[in-house]
Amino acid sequence: MPKSTTNPRSWWNQPPLWVGAGPLLAFLVLAAIDLNLAKDFTSEGKALIGTLLGGIWQWMVALLFLVAVVIALSPVGNVRLGGNDAKPSLKMFDWCAVLICTLLAGGGVFWSAAEPLFHFISPSPVFQTMGLEGKTAAAVDPALAVSFLHWGFLAWALVATTTTITFSLLERKGEPLRPRTLLVNVLPHRWVDGPIGDLADGLSVVAAIAGTVGPLGFLSLQLSDAAGQLPGLTNSAGLQSLVVVLLTSVFAVSTVSGIQKGIKWLSELNVWLTLALAAGLLLLGPGIWLIQHFFGGLVTYITHLPQMALLPRTKETGIWLDWWTVFYWGWFLGYAPLMGLFTAGVSRGRSIRELVLAVAILCPLVTNLWFTLVGGTGMYLNLNGTDITGAIEADGINAAASTLLTILGGLPLSWLLIPIGLVLVVLFMCTSADSMSYAAAMVVSSRNEPPAALRLFWACMIGTLTLVLLRIGTSLTDPTSINALQAFIVIAAVPVTPLVLATLWTAPRLAWKEWKREQATH
């Protein structure tokens with residue numbers, strides 16, 4: 001039965017709103033009372049989840065990519081999202097810019113400098129078994145390949161292919177753009193309309209907001225630390241809070257402005273700044289060397305993809321998997337329902353084939369090229385006598401954000417490249433936050449154009465939670481706090497797993513039925 005997309009209750013009186021806000025606030029209260037207790041709870045929970053669900057997540061992500069590609073390459077790929085009469089609301093460039101900038105790019109820009117260097121210093125177990133030594137020329141392509149695994153085809157497919165297809169095709173049947181819709185055709189409709197649906201919506205918001213607040217808080221601390229080096233400023237609680245407020249103001253205005261204005265404008269600005277910085281890295285850095293290793297890393301990635309994606313859990317590989325692959329799959333899994341419905345909202349009028357090619361092929365290749373330009377430049381400088389890896393070896397994750405500045409500082413015209421890099425990281429993070437605020441508002445209101453007040457509420461919620469996290473215990477620069485937050489992200493993704501897992505069945509089934517229906521009407 002088709003459902004109305006209009007909910008008679010006020011937006012502040014929606015169960016998913018409070019189901020989503022409750023666990024986040026409860027975690028913050030727990031951490032504020034006893035940070036060690038929160039650390040123990042989250043670290044033990046993360047270890048347990050890695051053991052019980054890590055392998056399932058690895059297989060699920062691989063299968064999602066395969067299912068999406070098969071759908072796209074088949075005649076079913078001609079099915080148009082939103083119906084045959086739907087027209088794209090965004091031009092191709094604008095659409096691709098929004099997809100690239102609002103799905104995984106915020107985290108990708110943040111990690112593009114540090115992650116390849118981590119794998120360059122200490123190679124993945126897949127390559128260690130081949131006798132590969134870290135910090136050598138031979139470690140460059142494998143380091144890029146592992147980064148491509150975590151930010152490439154599989155990661156993007158997880159976030160917005162089968163979920164988007166399911167949302168789009170069920171929306172045509174009158175179902176609302178809400179995470180609960182992923183359970184339609186899997187559970188009885190009366191269950192989806194009841195408390196189970198409220199839980200699905202609310203816990204999807206928990207997972208997505210948890211994955212947004214953490215990086216935003218960490219970025220704010222790093223920006224505050226950088227600003228504290230300027231004359232007349234010191235890195236203090238007040239400066240950290242001011243940075244958060246400024247960042248929140250940017251993405252709050254963007255999300256209130258809507259997709260056609262603020263989000264699209266920020267996305268386009270991000271793309272042009274990225275192109276400018278990429279050109280600078282190619283022209284001022286080892287351009288030919290980077291291009292060679294992009295293709296070398298891509299070949300290594302594709303050649304060893306099954307081994308890397310399905311790395312068995314053993315006593316030796318368990319810790320590495322939990323820290324890298326399982327953490328990333330949990331993080332992106334938490335994003336999937338909200339990012340899937342956001343992508344469905346901006347992709348009306350596009351065919352399934354266009355969607356999969358853009359999300360699972362084009363966006364990953366752009367991301368992989370970016371990782372090569374930034375992380376590859378760092379590895380090149382390190383191989384040629386500039387100490388780029390020292391901070392990472394000494395401070396670990398705490399050096400992640402500053403690594404980009406260290407790399408840019410090793411190039412000519414660093415006085416120009418560093419400000420562009422800082423602005424780029426900030427804007428990409430704001431674009432991810434504003435799209436998440438928009439998607440969360442869509443979940444609660446069940447409207448394609450949610451009320452501006454509701455969009456502002458979620459933007460302020462993200463900013464407020466970030467401020468609270470900065471005041472917990474010592475600070476997020478303490479690895480104890482960072483590890484606890486990362487573990488919480490993984491834990492928050494657990495309730496979302498059945499929603500995304502269901503799309504392995506619903507996406508191809510719905511697409512096939514819609515294609516058959518269209519064939520019968522012609």
# chains A, B, ... in the order shown; residues from 1 in each chain; ligands from 1
>>> select_by_dssp(residues="segment 67-283 of chain A", states="helix (DSSP H, G or I)", output="short mmCIF file (atom, residue, chain, number, x, y, z; two decimals) with N, CA and C atoms, in the first residue's frame")
data_model
loop_
_atom_site.label_atom_id
_atom_site.label_comp_id
_atom_site.auth_asym_id
_atom_site.auth_seq_id
_atom_site.Cartn_x
_atom_site.Cartn_y
_atom_site.Cartn_z
N VAL A 67 26.67 -6.46 -6.88
CA VAL A 67 25.25 -6.36 -7.23
C VAL A 67 24.97 -5.06 -7.96
N ALA A 68 25.54 -3.96 -7.48
CA ALA A 68 25.33 -2.66 -8.12
C ALA A 68 25.86 -2.66 -9.55
N VAL A 69 27.04 -3.21 -9.76
CA VAL A 69 27.63 -3.24 -11.11
C VAL A 69 26.81 -4.12 -12.04
N VAL A 70 26.36 -5.27 -11.55
CA VAL A 70 25.55 -6.17 -12.40
C VAL A 70 24.26 -5.48 -12.80
N ILE A 71 23.60 -4.80 -11.87
CA ILE A 71 22.36 -4.07 -12.19
C ILE A 71 22.63 -3.02 -13.26
N ALA A 72 23.73 -2.27 -13.10
CA ALA A 72 24.03 -1.19 -14.03
C ALA A 72 24.34 -1.70 -15.43
N LEU A 73 25.04 -2.81 -15.53
CA LEU A 73 25.45 -3.34 -16.83
C LEU A 73 24.32 -4.09 -17.54
N PRO A 75 20.24 -4.73 -18.79
CA PRO A 75 19.20 -3.84 -19.34
C PRO A 75 18.43 -3.09 -18.27
N VAL A 76 18.41 -3.64 -17.04
CA VAL A 76 17.71 -2.99 -15.93
C VAL A 76 18.33 -1.62 -15.63
N GLY A 77 19.59 -1.43 -16.01
CA GLY A 77 20.25 -0.17 -15.75
C GLY A 77 19.61 1.02 -16.45
N ASN A 78 18.73 0.77 -17.43
CA ASN A 78 18.05 1.86 -18.14
C ASN A 78 16.92 2.47 -17.32
N MET A 92 24.75 17.83 -15.15
CA MET A 92 25.64 16.70 -14.90
C MET A 92 26.83 17.10 -14.02
N PHE A 93 27.47 18.23 -14.34
CA PHE A 93 28.62 18.67 -13.55
C PHE A 93 28.20 18.97 -12.11
N ASP A 94 27.07 19.68 -11.95
CA ASP A 94 26.60 20.02 -10.61
C ASP A 94 26.24 18.76 -9.83
N TRP A 95 25.60 17.80 -10.52
CA TRP A 95 25.20 16.55 -9.86
C TRP A 95 26.43 15.78 -9.39
N CYS A 96 27.41 15.63 -10.27
CA CYS A 96 28.63 14.92 -9.88
C CYS A 96 29.37 15.66 -8.77
N ALA A 97 29.37 17.00 -8.83
CA ALA A 97 30.03 17.78 -7.79
C ALA A 97 29.38 17.55 -6.44
N VAL A 98 28.04 17.54 -6.41
CA VAL A 98 27.32 17.31 -5.15
C VAL A 98 27.62 15.91 -4.62
N LEU A 99 27.61 14.91 -5.51
CA LEU A 99 27.89 13.53 -5.08
C LEU A 99 29.31 13.41 -4.52
N ILE A 100 30.27 13.95 -5.24
CA ILE A 100 31.67 13.84 -4.82
C ILE A 100 31.91 14.54 -3.49
N CYS A 101 31.26 15.69 -3.33
CA CYS A 101 31.56 16.53 -2.15
C CYS A 101 30.74 16.18 -0.93
N THR A 102 29.61 15.51 -1.09
CA THR A 102 28.74 15.28 0.07
C THR A 102 28.73 13.83 0.55
N ALA A 105 33.68 12.49 0.48
CA ALA A 105 34.82 13.35 0.21
C ALA A 105 35.31 14.11 1.44
N GLY A 106 34.39 14.45 2.37
CA GLY A 106 34.83 15.16 3.56
C GLY A 106 35.87 14.39 4.34
N GLY A 107 35.60 13.12 4.60
CA GLY A 107 36.58 12.28 5.28
C GLY A 107 37.76 11.98 4.38
N GLY A 108 37.49 11.85 3.05
CA GLY A 108 38.57 11.55 2.13
C GLY A 108 39.61 12.64 2.06
N VAL A 109 39.16 13.90 2.04
CA VAL A 109 40.11 15.01 2.03
C VAL A 109 40.91 15.03 3.32
N PHE A 110 40.23 14.73 4.42
CA PHE A 110 40.90 14.74 5.72
C PHE A 110 41.98 13.67 5.80
N TRP A 111 41.71 12.46 5.25
CA TRP A 111 42.63 11.33 5.38
C TRP A 111 43.57 11.16 4.20
N ALA A 114 47.29 11.45 5.29
CA ALA A 114 47.81 10.60 6.36
C ALA A 114 47.71 9.11 6.06
N GLU A 115 46.57 8.65 5.49
CA GLU A 115 46.41 7.19 5.39
C GLU A 115 47.45 6.54 4.49
N PRO A 116 47.73 7.05 3.28
CA PRO A 116 48.79 6.41 2.49
C PRO A 116 50.11 6.35 3.25
N LEU A 117 50.40 7.38 4.05
CA LEU A 117 51.65 7.38 4.81
C LEU A 117 51.65 6.33 5.91
N PHE A 118 50.50 6.12 6.55
CA PHE A 118 50.40 5.05 7.55
C PHE A 118 50.74 3.70 6.92
N HIS A 119 50.15 3.42 5.75
CA HIS A 119 50.40 2.14 5.08
C HIS A 119 51.78 2.09 4.45
N PHE A 120 52.35 3.25 4.16
CA PHE A 120 53.72 3.33 3.65
C PHE A 120 54.71 2.97 4.76
N ILE A 121 54.43 3.43 5.98
CA ILE A 121 55.29 3.14 7.13
C ILE A 121 55.16 1.68 7.54
N PRO A 125 48.87 -6.34 6.23
CA PRO A 125 49.25 -7.75 6.36
C PRO A 125 49.29 -8.49 5.02
N VAL A 126 48.43 -8.07 4.07
CA VAL A 126 48.43 -8.71 2.76
C VAL A 126 49.80 -8.60 2.11
N PHE A 127 50.43 -7.44 2.24
CA PHE A 127 51.73 -7.21 1.60
C PHE A 127 52.90 -7.56 2.50
N GLN A 128 52.68 -7.56 3.81
CA GLN A 128 53.74 -8.00 4.72
C GLN A 128 54.08 -9.47 4.49
N ALA A 137 60.71 2.45 -1.62
CA ALA A 137 60.06 2.78 -2.89
C ALA A 137 59.04 1.71 -3.29
N ALA A 138 59.35 0.45 -2.93
CA ALA A 138 58.43 -0.65 -3.27
C ALA A 138 57.13 -0.57 -2.50
N ALA A 139 57.09 0.19 -1.40
CA ALA A 139 55.90 0.26 -0.56
C ALA A 139 54.89 1.30 -1.04
N VAL A 140 55.24 2.10 -2.04
CA VAL A 140 54.38 3.20 -2.48
C VAL A 140 53.07 2.68 -3.08
N ASP A 141 53.17 1.83 -4.10
CA ASP A 141 51.95 1.33 -4.76
C ASP A 141 51.07 0.53 -3.82
N PRO A 142 51.61 -0.39 -3.00
CA PRO A 142 50.76 -1.09 -2.03
C PRO A 142 50.09 -0.15 -1.03
N ALA A 143 50.81 0.91 -0.60
CA ALA A 143 50.20 1.87 0.33
C ALA A 143 49.02 2.57 -0.32
N LEU A 144 49.16 2.95 -1.57
CA LEU A 144 48.05 3.58 -2.29
C LEU A 144 46.92 2.58 -2.50
N ALA A 145 47.27 1.32 -2.80
CA ALA A 145 46.25 0.31 -3.07
C ALA A 145 45.35 0.09 -1.85
N VAL A 146 45.94 0.04 -0.66
CA VAL A 146 45.14 -0.14 0.56
C VAL A 146 44.26 1.08 0.80
N SER A 147 44.79 2.27 0.54
CA SER A 147 43.97 3.48 0.65
C SER A 147 42.83 3.47 -0.35
N PHE A 148 43.10 2.98 -1.57
CA PHE A 148 42.05 2.85 -2.58
C PHE A 148 40.97 1.87 -2.12
N LEU A 149 41.37 0.81 -1.42
CA LEU A 149 40.39 -0.13 -0.90
C LEU A 149 39.40 0.57 0.01
N HIS A 150 39.92 1.37 0.92
CA HIS A 150 39.06 1.99 1.94
C HIS A 150 38.29 3.19 1.43
N TRP A 151 38.72 3.79 0.32
CA TRP A 151 38.05 4.98 -0.20
C TRP A 151 37.70 4.83 -1.67
N PHE A 153 36.07 1.86 -4.88
CA PHE A 153 34.84 1.32 -5.44
C PHE A 153 33.91 0.75 -4.38
N LEU A 154 34.43 -0.07 -3.49
CA LEU A 154 33.58 -0.75 -2.51
C LEU A 154 32.98 0.24 -1.51
N ALA A 155 33.79 1.19 -1.06
CA ALA A 155 33.31 2.15 -0.07
C ALA A 155 32.17 3.01 -0.62
N TRP A 156 32.35 3.52 -1.83
CA TRP A 156 31.32 4.36 -2.42
C TRP A 156 30.07 3.56 -2.75
N ALA A 157 30.24 2.33 -3.20
CA ALA A 157 29.07 1.49 -3.49
C ALA A 157 28.27 1.23 -2.22
N LEU A 158 28.96 1.04 -1.11
CA LEU A 158 28.28 0.82 0.17
C LEU A 158 27.40 2.00 0.54
N VAL A 159 27.88 3.20 0.31
CA VAL A 159 27.19 4.39 0.78
C VAL A 159 25.94 4.71 -0.04
N ALA A 160 26.00 4.56 -1.36
CA ALA A 160 24.90 5.14 -2.14
C ALA A 160 24.59 4.46 -3.46
N THR A 162 22.99 0.54 -3.85
CA THR A 162 21.77 -0.27 -3.64
C THR A 162 20.78 0.43 -2.72
N THR A 163 21.28 1.20 -1.75
CA THR A 163 20.35 1.96 -0.89
C THR A 163 19.61 3.01 -1.70
N THR A 164 20.33 3.72 -2.57
CA THR A 164 19.70 4.76 -3.39
C THR A 164 18.69 4.16 -4.34
N ILE A 165 19.04 3.04 -4.97
CA ILE A 165 18.11 2.38 -5.89
C ILE A 165 16.84 1.97 -5.17
N THR A 166 16.99 1.38 -3.99
CA THR A 166 15.82 0.95 -3.22
C THR A 166 14.96 2.13 -2.83
N PHE A 167 15.56 3.19 -2.31
CA PHE A 167 14.80 4.38 -1.94
C PHE A 167 14.06 4.96 -3.14
N SER A 168 14.76 5.11 -4.26
CA SER A 168 14.18 5.78 -5.42
C SER A 168 12.99 5.00 -5.98
N LEU A 169 13.14 3.68 -6.09
CA LEU A 169 12.07 2.88 -6.69
C LEU A 169 10.88 2.74 -5.75
N LEU A 170 11.12 2.68 -4.45
CA LEU A 170 10.00 2.62 -3.51
C LEU A 170 9.32 3.97 -3.37
N GLU A 171 10.07 5.05 -3.56
CA GLU A 171 9.45 6.38 -3.52
C GLU A 171 8.41 6.51 -4.63
N PRO A 179 14.80 5.93 6.35
CA PRO A 179 15.51 4.65 6.45
C PRO A 179 14.58 3.46 6.60
N ARG A 180 13.45 3.64 7.27
CA ARG A 180 12.52 2.51 7.45
C ARG A 180 12.05 1.93 6.12
N THR A 181 12.08 2.75 5.08
CA THR A 181 11.62 2.30 3.77
C THR A 181 12.47 1.14 3.24
N LEU A 182 13.73 1.04 3.70
CA LEU A 182 14.58 -0.08 3.27
C LEU A 182 14.05 -1.42 3.76
N LEU A 183 13.13 -1.40 4.75
CA LEU A 183 12.56 -2.64 5.28
C LEU A 183 11.28 -3.04 4.57
N HIS A 189 4.16 -4.42 6.49
CA HIS A 189 4.06 -2.96 6.48
C HIS A 189 3.65 -2.42 7.85
N ARG A 190 2.84 -3.15 8.57
CA ARG A 190 2.41 -2.64 9.88
C ARG A 190 3.58 -2.57 10.85
N TRP A 191 4.58 -3.43 10.67
CA TRP A 191 5.79 -3.36 11.50
C TRP A 191 6.63 -2.15 11.09
N VAL A 192 6.75 -1.95 9.77
CA VAL A 192 7.56 -0.82 9.29
C VAL A 192 6.95 0.51 9.71
N PRO A 195 6.80 0.93 15.77
CA PRO A 195 8.04 1.19 16.52
C PRO A 195 9.31 0.71 15.81
N ILE A 196 9.22 -0.40 15.06
CA ILE A 196 10.41 -0.87 14.35
C ILE A 196 10.86 0.17 13.34
N GLY A 197 9.91 0.79 12.66
CA GLY A 197 10.26 1.86 11.72
C GLY A 197 10.83 3.07 12.41
N ASP A 198 10.26 3.42 13.57
CA ASP A 198 10.81 4.55 14.33
C ASP A 198 12.25 4.27 14.76
N LEU A 199 12.50 3.03 15.20
CA LEU A 199 13.86 2.67 15.59
C LEU A 199 14.82 2.72 14.40
N ALA A 200 14.36 2.22 13.26
CA ALA A 200 15.21 2.24 12.06
C ALA A 200 15.58 3.67 11.69
N ASP A 201 14.60 4.56 11.73
CA ASP A 201 14.87 5.97 11.40
C ASP A 201 15.80 6.60 12.42
N GLY A 202 15.46 6.45 13.70
CA GLY A 202 16.23 7.10 14.74
C GLY A 202 17.65 6.59 14.85
N LEU A 203 17.83 5.28 14.78
CA LEU A 203 19.18 4.71 14.92
C LEU A 203 20.03 4.98 13.68
N SER A 204 19.39 5.16 12.53
CA SER A 204 20.15 5.57 11.34
C SER A 204 20.69 6.98 11.52
N VAL A 205 19.89 7.83 12.16
CA VAL A 205 20.35 9.18 12.46
C VAL A 205 21.51 9.13 13.45
N VAL A 206 21.41 8.25 14.47
CA VAL A 206 22.49 8.09 15.45
C VAL A 206 23.79 7.76 14.75
N ALA A 207 23.75 6.75 13.87
CA ALA A 207 24.97 6.29 13.20
C ALA A 207 25.56 7.38 12.33
N ALA A 208 24.71 8.09 11.60
CA ALA A 208 25.21 9.12 10.69
C ALA A 208 25.76 10.32 11.44
N ILE A 209 25.05 10.76 12.47
CA ILE A 209 25.52 11.91 13.24
C ILE A 209 26.80 11.57 13.99
N ALA A 210 26.90 10.34 14.52
CA ALA A 210 28.13 9.92 15.20
C ALA A 210 29.31 9.97 14.25
N GLY A 211 29.08 9.59 13.00
CA GLY A 211 30.16 9.62 12.02
C GLY A 211 30.51 11.01 11.53
N THR A 212 29.65 11.99 11.81
CA THR A 212 29.90 13.37 11.39
C THR A 212 30.51 14.21 12.50
N VAL A 213 30.01 14.02 13.73
CA VAL A 213 30.46 14.83 14.85
C VAL A 213 31.94 14.59 15.17
N GLY A 214 32.36 13.33 15.13
CA GLY A 214 33.74 13.01 15.49
C GLY A 214 34.77 13.71 14.62
N PRO A 215 34.73 13.51 13.28
CA PRO A 215 35.69 14.20 12.42
C PRO A 215 35.59 15.72 12.52
N LEU A 216 34.37 16.23 12.71
CA LEU A 216 34.22 17.68 12.84
C LEU A 216 34.91 18.19 14.10
N GLY A 217 34.77 17.46 15.20
CA GLY A 217 35.44 17.86 16.44
C GLY A 217 36.95 17.77 16.33
N PHE A 218 37.42 16.69 15.72
CA PHE A 218 38.87 16.51 15.56
C PHE A 218 39.45 17.59 14.66
N LEU A 219 38.74 17.90 13.56
CA LEU A 219 39.19 18.95 12.66
C LEU A 219 39.22 20.30 13.39
N SER A 220 38.23 20.54 14.22
CA SER A 220 38.18 21.81 14.95
C SER A 220 39.38 21.97 15.86
N LEU A 221 39.78 20.89 16.52
CA LEU A 221 40.95 20.97 17.40
C LEU A 221 42.22 21.24 16.59
N GLN A 222 42.33 20.59 15.43
CA GLN A 222 43.51 20.79 14.61
C GLN A 222 43.57 22.22 14.06
N LEU A 223 42.40 22.76 13.65
CA LEU A 223 42.37 24.13 13.16
C LEU A 223 42.68 25.12 14.28
N SER A 224 42.17 24.83 15.47
CA SER A 224 42.46 25.68 16.61
C SER A 224 43.95 25.67 16.92
N ASP A 225 44.56 24.48 16.83
CA ASP A 225 45.99 24.38 17.08
C ASP A 225 46.78 25.17 16.05
N ALA A 226 46.34 25.08 14.77
CA ALA A 226 47.03 25.83 13.71
C ALA A 226 46.85 27.34 13.91
N ALA A 227 45.62 27.76 14.25
CA ALA A 227 45.36 29.18 14.45
C ALA A 227 46.12 29.71 15.66
N ALA A 237 40.46 26.68 25.06
CA ALA A 237 39.08 26.19 24.97
C ALA A 237 38.19 27.19 24.24
N GLY A 238 38.44 28.48 24.50
CA GLY A 238 37.65 29.50 23.83
C GLY A 238 37.85 29.52 22.33
N LEU A 239 39.12 29.39 21.90
CA LEU A 239 39.42 29.37 20.47
C LEU A 239 38.85 28.13 19.82
N GLN A 240 38.93 26.98 20.49
CA GLN A 240 38.36 25.74 19.95
C GLN A 240 36.85 25.90 19.76
N SER A 241 36.19 26.47 20.76
CA SER A 241 34.75 26.67 20.66
C SER A 241 34.40 27.64 19.54
N LEU A 242 35.21 28.69 19.39
CA LEU A 242 34.97 29.66 18.32
C LEU A 242 35.08 29.00 16.96
N VAL A 243 36.06 28.13 16.77
CA VAL A 243 36.22 27.42 15.50
C VAL A 243 34.99 26.58 15.20
N VAL A 244 34.50 25.86 16.22
CA VAL A 244 33.30 25.03 16.03
C VAL A 244 32.11 25.89 15.64
N VAL A 245 31.93 27.00 16.33
CA VAL A 245 30.81 27.89 16.04
C VAL A 245 30.89 28.41 14.61
N LEU A 246 32.08 28.81 14.18
CA LEU A 246 32.25 29.32 12.82
C LEU A 246 31.95 28.23 11.78
N LEU A 247 32.47 27.02 12.01
CA LEU A 247 32.19 25.92 11.08
C LEU A 247 30.70 25.61 11.04
N THR A 248 30.08 25.57 12.22
CA THR A 248 28.65 25.28 12.29
C THR A 248 27.84 26.35 11.57
N SER A 249 28.26 27.59 11.69
CA SER A 249 27.55 28.68 11.02
C SER A 249 27.57 28.49 9.51
N VAL A 250 28.73 28.07 9.00
CA VAL A 250 28.85 27.88 7.54
C VAL A 250 27.91 26.79 7.06
N PHE A 251 27.96 25.60 7.68
CA PHE A 251 27.12 24.53 7.14
C PHE A 251 25.66 24.68 7.54
N ALA A 252 25.37 25.44 8.60
CA ALA A 252 23.97 25.72 8.95
C ALA A 252 23.33 26.61 7.88
N VAL A 253 24.03 27.66 7.47
CA VAL A 253 23.52 28.53 6.42
C VAL A 253 23.36 27.75 5.12
N SER A 254 24.31 26.88 4.83
CA SER A 254 24.26 26.09 3.60
C SER A 254 23.06 25.16 3.58
N THR A 255 22.85 24.45 4.67
CA THR A 255 21.75 23.47 4.68
C THR A 255 20.40 24.16 4.70
N VAL A 256 20.29 25.32 5.34
CA VAL A 256 19.03 26.07 5.33
C VAL A 256 18.75 26.60 3.93
N SER A 257 19.79 26.94 3.19
CA SER A 257 19.62 27.46 1.83
C SER A 257 19.11 26.39 0.87
N ILE A 259 19.46 22.44 -1.33
CA ILE A 259 20.35 21.76 -2.28
C ILE A 259 20.66 22.63 -3.48
N GLN A 260 19.64 23.35 -3.98
CA GLN A 260 19.83 24.12 -5.20
C GLN A 260 20.71 25.35 -4.98
N LYS A 261 20.85 25.79 -3.74
CA LYS A 261 21.64 27.00 -3.47
C LYS A 261 22.89 26.67 -2.67
N GLY A 262 22.75 26.59 -1.33
CA GLY A 262 23.92 26.47 -0.47
C GLY A 262 24.76 25.24 -0.71
N ILE A 263 24.12 24.06 -0.70
CA ILE A 263 24.88 22.82 -0.83
C ILE A 263 25.53 22.74 -2.21
N LYS A 264 24.77 23.12 -3.25
CA LYS A 264 25.34 23.09 -4.60
C LYS A 264 26.49 24.09 -4.73
N TRP A 265 26.33 25.28 -4.15
CA TRP A 265 27.36 26.31 -4.25
C TRP A 265 28.65 25.87 -3.54
N LEU A 266 28.52 25.31 -2.33
CA LEU A 266 29.69 24.84 -1.61
C LEU A 266 30.36 23.70 -2.37
N SER A 267 29.55 22.81 -2.95
CA SER A 267 30.11 21.68 -3.70
C SER A 267 30.91 22.16 -4.90
N GLU A 268 30.36 23.11 -5.63
CA GLU A 268 31.08 23.62 -6.79
C GLU A 268 32.37 24.32 -6.37
N LEU A 269 32.31 25.10 -5.29
CA LEU A 269 33.51 25.76 -4.79
C LEU A 269 34.57 24.73 -4.40
N ASN A 270 34.12 23.66 -3.75
CA ASN A 270 35.05 22.59 -3.37
C ASN A 270 35.75 21.99 -4.58
N VAL A 271 34.96 21.75 -5.63
CA VAL A 271 35.52 21.13 -6.84
C VAL A 271 36.59 22.03 -7.45
N TRP A 272 36.30 23.33 -7.57
CA TRP A 272 37.26 24.24 -8.20
C TRP A 272 38.52 24.40 -7.35
N LEU A 273 38.35 24.47 -6.02
CA LEU A 273 39.53 24.55 -5.16
C LEU A 273 40.35 23.26 -5.23
N THR A 274 39.65 22.13 -5.31
CA THR A 274 40.36 20.84 -5.44
C THR A 274 41.17 20.79 -6.72
N LEU A 275 40.55 21.25 -7.81
CA LEU A 275 41.26 21.27 -9.09
C LEU A 275 42.47 22.19 -9.02
N ALA A 276 42.32 23.32 -8.34
CA ALA A 276 43.44 24.26 -8.22
C ALA A 276 44.58 23.64 -7.42
N LEU A 277 44.24 23.00 -6.28
CA LEU A 277 45.29 22.39 -5.47
C LEU A 277 45.90 21.18 -6.17
N ALA A 278 45.06 20.41 -6.87
CA ALA A 278 45.59 19.27 -7.63
C ALA A 278 46.57 19.72 -8.71
N ALA A 279 46.22 20.81 -9.40
CA ALA A 279 47.13 21.35 -10.41
C ALA A 279 48.44 21.81 -9.77
N GLY A 280 48.33 22.42 -8.58
CA GLY A 280 49.54 22.84 -7.88
C GLY A 280 50.43 21.68 -7.50
N LEU A 281 49.82 20.58 -7.03
CA LEU A 281 50.60 19.41 -6.65
C LEU A 281 51.28 18.78 -7.87
N LEU A 282 50.57 18.77 -9.00
CA LEU A 282 51.14 18.17 -10.21
C LEU A 282 52.27 19.03 -10.78
N LEU A 283 52.07 20.35 -10.79
CA LEU A 283 53.04 21.24 -11.41
C LEU A 283 54.22 21.55 -10.51
#
>>> residues_around(residues="Arg313 of chain A", least_positions_apart="4", cutoff="10 Å", atoms="only C-alpha atoms", output="PyMOL selection string")
chain A and resi 50-51+54-55+317-322
>>> closest_residue(among="A:Pro412, A:Gly285, A:Pro419, A:Gly330", to="Gly375 of chain A", atoms="only C-alpha atoms")
A:Gly285
>>> residues_around(residues="segment 288-296 of chain A", least_positions_apart="6", cutoff="7 Å", atoms="only C-alpha atoms", output="ChimeraX atom specification")
/A:141,369,372-373,376
>>> write_last_selection(atoms="all heavy atoms", output="short mmCIF file (atom, residue, chain, number, x, y, z; two decimals), in the first residue's frame")
data_model
loop_
_atom_site.label_atom_id
_atom_site.label_comp_id
_atom_site.auth_asym_id
_atom_site.auth_seq_id
_atom_site.Cartn_x
_atom_site.Cartn_y
_atom_site.Cartn_z
N ASP A 141 53.17 1.83 -4.10
CA ASP A 141 51.95 1.33 -4.76
C ASP A 141 51.07 0.53 -3.82
O ASP A 141 49.84 0.71 -3.81
CB ASP A 141 52.32 0.50 -5.99
CG ASP A 141 52.81 1.38 -7.14
OD1 ASP A 141 52.65 2.61 -7.06
OD2 ASP A 141 53.39 0.83 -8.11
N LEU A 369 42.57 9.37 -7.17
CA LEU A 369 43.54 10.31 -7.75
C LEU A 369 43.95 11.35 -6.71
O LEU A 369 45.12 11.70 -6.60
CB LEU A 369 42.93 10.99 -8.97
CG LEU A 369 43.82 12.04 -9.66
CD1 LEU A 369 45.13 11.42 -10.14
CD2 LEU A 369 43.07 12.69 -10.83
N THR A 372 46.35 9.95 -4.31
CA THR A 372 47.67 9.81 -4.92
C THR A 372 48.40 11.15 -4.93
O THR A 372 49.59 11.23 -4.60
CB THR A 372 47.55 9.29 -6.36
OG1 THR A 372 46.85 8.04 -6.35
CG2 THR A 372 48.92 9.08 -6.99
N LEU A 373 47.69 12.21 -5.30
CA LEU A 373 48.33 13.53 -5.38
C LEU A 373 48.83 13.99 -4.02
O LEU A 373 49.95 14.50 -3.90
CB LEU A 373 47.35 14.55 -5.95
CG LEU A 373 46.91 14.35 -7.41
CD1 LEU A 373 45.91 15.41 -7.82
CD2 LEU A 373 48.12 14.37 -8.34
N GLY A 376 50.67 10.62 -2.11
CA GLY A 376 51.82 10.26 -2.93
C GLY A 376 52.93 11.30 -2.86
O GLY A 376 54.11 10.96 -2.81
#
>>> atom_distance(atom1="atom CA of Ile388 of chain A", atom2="atom CA of Leu427 of chain A")
24.7 Å
